[in-house]
Amino acid sequence: MDGDILKSNYKNQIKSLAETKREETLGVVRRLWELTALLALSREFGFGPKRLKRFADALTAAQAEFNTRATATDPYNRKHQELTNIDAAIVQTIRELRASGIDHRKIIDDGCEIIMTDENGKQRNIDDFIDRLERGGK
């Protein structure tokens, strides 16, 4: 019996360490993206420290708003699980950009597609979904 408890604790510790390492890695990737964004803004548009600080503050606020939207949960009955609202947060972000005349696909043309998967496993390209919404479902 004691062996089972130790085994369980060991597995939880490994899981915890893996999650911590993943979070640290994501933090580093985020910081590298932020650094390259600051560099691009400085090089291309001559942003100095004050403007870069304004940008960083605005970016932090936008990310916090997105995270707040994305971490809200919607319960559903299939296997008594919960899904986050990340799809809705992405849709809102893209629609807000489009309302300002900004289509991310035309600005960042790297072939990346954002795919959402519903609880039945059906996958849809989120931009195709938004295109249909904007056309009134057609």
# chains A, B, ... in the order shown; residues from 1 in each chain; ligands from 1
>>> select_by_dssp(residues="chain A", states="helix (DSSP H, G or I)", output="VMD selection string")
chain A and resid 2 to 45 49 to 71 78 to 80 86 to 99 104 to 107 126 to 134
>>> residues_around(residues="Asn85 in chain A", least_positions_apart="4", cutoff="10 Å", atoms="only C-alpha atoms", output="PDB file with N, CA and C atoms, in the first residue's frame")
ATOM      1  N   PHE A  66      -7.734  39.152 -23.730  1.00  0.00           N
ATOM      2  CA  PHE A  66      -7.899  37.891 -24.448  1.00  0.00           C
ATOM      3  C   PHE A  66      -7.912  36.719 -23.474  1.00  0.00           C
ATOM      4  N   ASN A  67      -6.969  36.703 -22.544  1.00  0.00           N
ATOM      5  CA  ASN A  67      -6.890  35.604 -21.572  1.00  0.00           C
ATOM      6  C   ASN A  67      -8.125  35.525 -20.697  1.00  0.00           C
ATOM      7  N   THR A  68      -8.677  36.679 -20.330  1.00  0.00           N
ATOM      8  CA  THR A  68      -9.907  36.687 -19.534  1.00  0.00           C
ATOM      9  C   THR A  68     -11.040  36.046 -20.319  1.00  0.00           C
ATOM     10  N   ARG A  69     -11.173  36.427 -21.594  1.00  0.00           N
ATOM     11  CA  ARG A  69     -12.210  35.823 -22.448  1.00  0.00           C
ATOM     12  C   ARG A  69     -11.975  34.329 -22.631  1.00  0.00           C
ATOM     13  N   ALA A  70     -10.715  33.967 -22.839  1.00  0.00           N
ATOM     14  CA  ALA A  70     -10.385  32.579 -23.175  1.00  0.00           C
ATOM     15  C   ALA A  70     -10.481  31.635 -21.988  1.00  0.00           C
ATOM     16  N   THR A  71     -10.374  32.144 -20.787  1.00  0.00           N
ATOM     17  CA  THR A  71     -10.391  31.246 -19.631  1.00  0.00           C
ATOM     18  C   THR A  71     -11.774  31.062 -19.032  1.00  0.00           C
ATOM     19  N   ALA A  72     -12.747  31.775 -19.543  1.00  0.00           N
ATOM     20  CA  ALA A  72     -14.123  31.517 -19.113  1.00  0.00           C
ATOM     21  C   ALA A  72     -14.488  30.114 -19.591  1.00  0.00           C
ATOM     22  N   THR A  73     -15.271  29.392 -18.828  1.00  0.00           N
ATOM     23  CA  THR A  73     -15.603  28.024 -19.227  1.00  0.00           C
ATOM     24  C   THR A  73     -17.079  27.870 -19.524  1.00  0.00           C
ATOM     25  N   ASP A  74     -17.342  27.004 -20.461  1.00  0.00           N
ATOM     26  CA  ASP A  74     -18.700  26.625 -20.828  1.00  0.00           C
ATOM     27  C   ASP A  74     -18.881  25.148 -20.514  1.00  0.00           C
ATOM     28  N   ALA A  89     -12.835  33.769 -27.981  1.00  0.00           N
ATOM     29  CA  ALA A  89     -11.870  34.854 -27.796  1.00  0.00           C
ATOM     30  C   ALA A  89     -11.109  35.119 -29.084  1.00  0.00           C
ATOM     31  N   ILE A  90     -10.730  34.065 -29.795  1.00  0.00           N
ATOM     32  CA  ILE A  90     -10.023  34.228 -31.072  1.00  0.00           C
ATOM     33  C   ILE A  90     -10.940  34.888 -32.093  1.00  0.00           C
ATOM     34  N   VAL A  91     -12.178  34.424 -32.162  1.00  0.00           N
ATOM     35  CA  VAL A  91     -13.149  35.008 -33.104  1.00  0.00           C
ATOM     36  C   VAL A  91     -13.324  36.496 -32.804  1.00  0.00           C
TER      37      VAL A  91
END
>>> closest_residue(among="A:Asp127, A:Asp118, A:Asp57, A:Glu24", to="Gln92 in chain A", atoms="only C-alpha atoms")
A:Asp127
>>> atom_distance(atom1="CA of Leu17 in chain A", atom2="CA of Ala61 in chain A")
29.3 Å
>>> select_by_dssp(residues="range 11-135 of chain A", states="strand (DSSP E or B)", output="NGL selection string")
:A and (73-75 or 82-84 or 115-117 or 123-125)
>>> write_last_selection(atoms="N, CA and C atoms", output="mmCIF file, in the first residue's frame")
data_model
loop_
_atom_site.group_PDB
_atom_site.id
_atom_site.type_symbol
_atom_site.label_atom_id
_atom_site.label_comp_id
_atom_site.auth_asym_id
_atom_site.auth_seq_id
_atom_site.Cartn_x
_atom_site.Cartn_y
_atom_site.Cartn_z
ATOM 1 N N THR A 73 -15.271 29.392 -18.828
ATOM 2 C CA THR A 73 -15.603 28.024 -19.227
ATOM 3 C C THR A 73 -17.079 27.870 -19.524
ATOM 4 N N ASP A 74 -17.342 27.004 -20.461
ATOM 5 C CA ASP A 74 -18.700 26.625 -20.828
ATOM 6 C C ASP A 74 -18.881 25.148 -20.514
ATOM 7 N N PRO A 75 -19.681 24.814 -19.521
ATOM 8 C CA PRO A 75 -19.905 23.390 -19.263
ATOM 9 C C PRO A 75 -20.747 22.762 -20.374
ATOM 10 N N GLU A 82 -15.412 20.300 -19.456
ATOM 11 C CA GLU A 82 -15.615 21.717 -19.708
ATOM 12 C C GLU A 82 -14.678 22.142 -20.824
ATOM 13 N N LEU A 83 -15.134 23.064 -21.634
ATOM 14 C CA LEU A 83 -14.313 23.636 -22.685
ATOM 15 C C LEU A 83 -14.070 25.101 -22.364
ATOM 16 N N THR A 84 -12.945 25.618 -22.775
ATOM 17 C CA THR A 84 -12.710 27.038 -22.577
ATOM 18 C C THR A 84 -13.321 27.805 -23.738
ATOM 19 N N ILE A 115 -7.193 26.464 -36.431
ATOM 20 C CA ILE A 115 -8.233 25.443 -36.556
ATOM 21 C C ILE A 115 -8.911 25.274 -35.205
ATOM 22 N N MET A 116 -10.240 25.293 -35.206
ATOM 23 C CA MET A 116 -10.970 24.998 -33.976
ATOM 24 C C MET A 116 -11.610 23.624 -34.125
ATOM 25 N N THR A 117 -11.639 22.899 -33.021
ATOM 26 C CA THR A 117 -12.195 21.552 -32.991
ATOM 27 C C THR A 117 -13.338 21.535 -32.005
ATOM 28 N N GLN A 123 -13.332 19.632 -37.241
ATOM 29 C CA GLN A 123 -12.388 20.733 -37.319
ATOM 30 C C GLN A 123 -12.819 21.729 -38.382
ATOM 31 N N ARG A 124 -12.648 23.028 -38.048
ATOM 32 C CA ARG A 124 -12.971 24.105 -38.991
ATOM 33 C C ARG A 124 -11.909 25.177 -38.906
ATOM 34 N N ASN A 125 -11.575 25.736 -40.053
ATOM 35 C CA ASN A 125 -10.667 26.866 -40.106
ATOM 36 C C ASN A 125 -11.411 28.072 -39.547
#
>>> residues_around(residues="range 35-46 of chain A", least_positions_apart="4", cutoff="9 Å", atoms="only C-alpha atoms", output="ChimeraX atom specification")
/A:30-31,52,55-56
>>> write_last_selection(atoms="C-alpha atoms", output="PDB file, in the first residue's frame")
ATOM      1  CA  ARG A  30       6.557  34.746 -25.459  1.00  0.00           C
ATOM      2  CA  ARG A  31       9.427  36.958 -24.300  1.00  0.00           C
ATOM      3  CA  LEU A  52       7.874  50.976 -26.894  1.00  0.00           C
ATOM      4  CA  PHE A  55       3.167  49.483 -27.024  1.00  0.00           C
ATOM      5  CA  ALA A  56       4.206  46.953 -24.356  1.00  0.00           C
TER       6      ALA A  56
END
>>> closest_residue(among="A:Arg98, A:Ile108, A:Val28, A:Ile114", to="Ile86 in chain A", atoms="only C-alpha atoms")
A:Ile114
>>> closest_residue(among="A:Ala99, A:Leu133, A:Ala18, A:Leu59", to="Trp33 in chain A", atoms="only C-alpha atoms")
A:Leu59
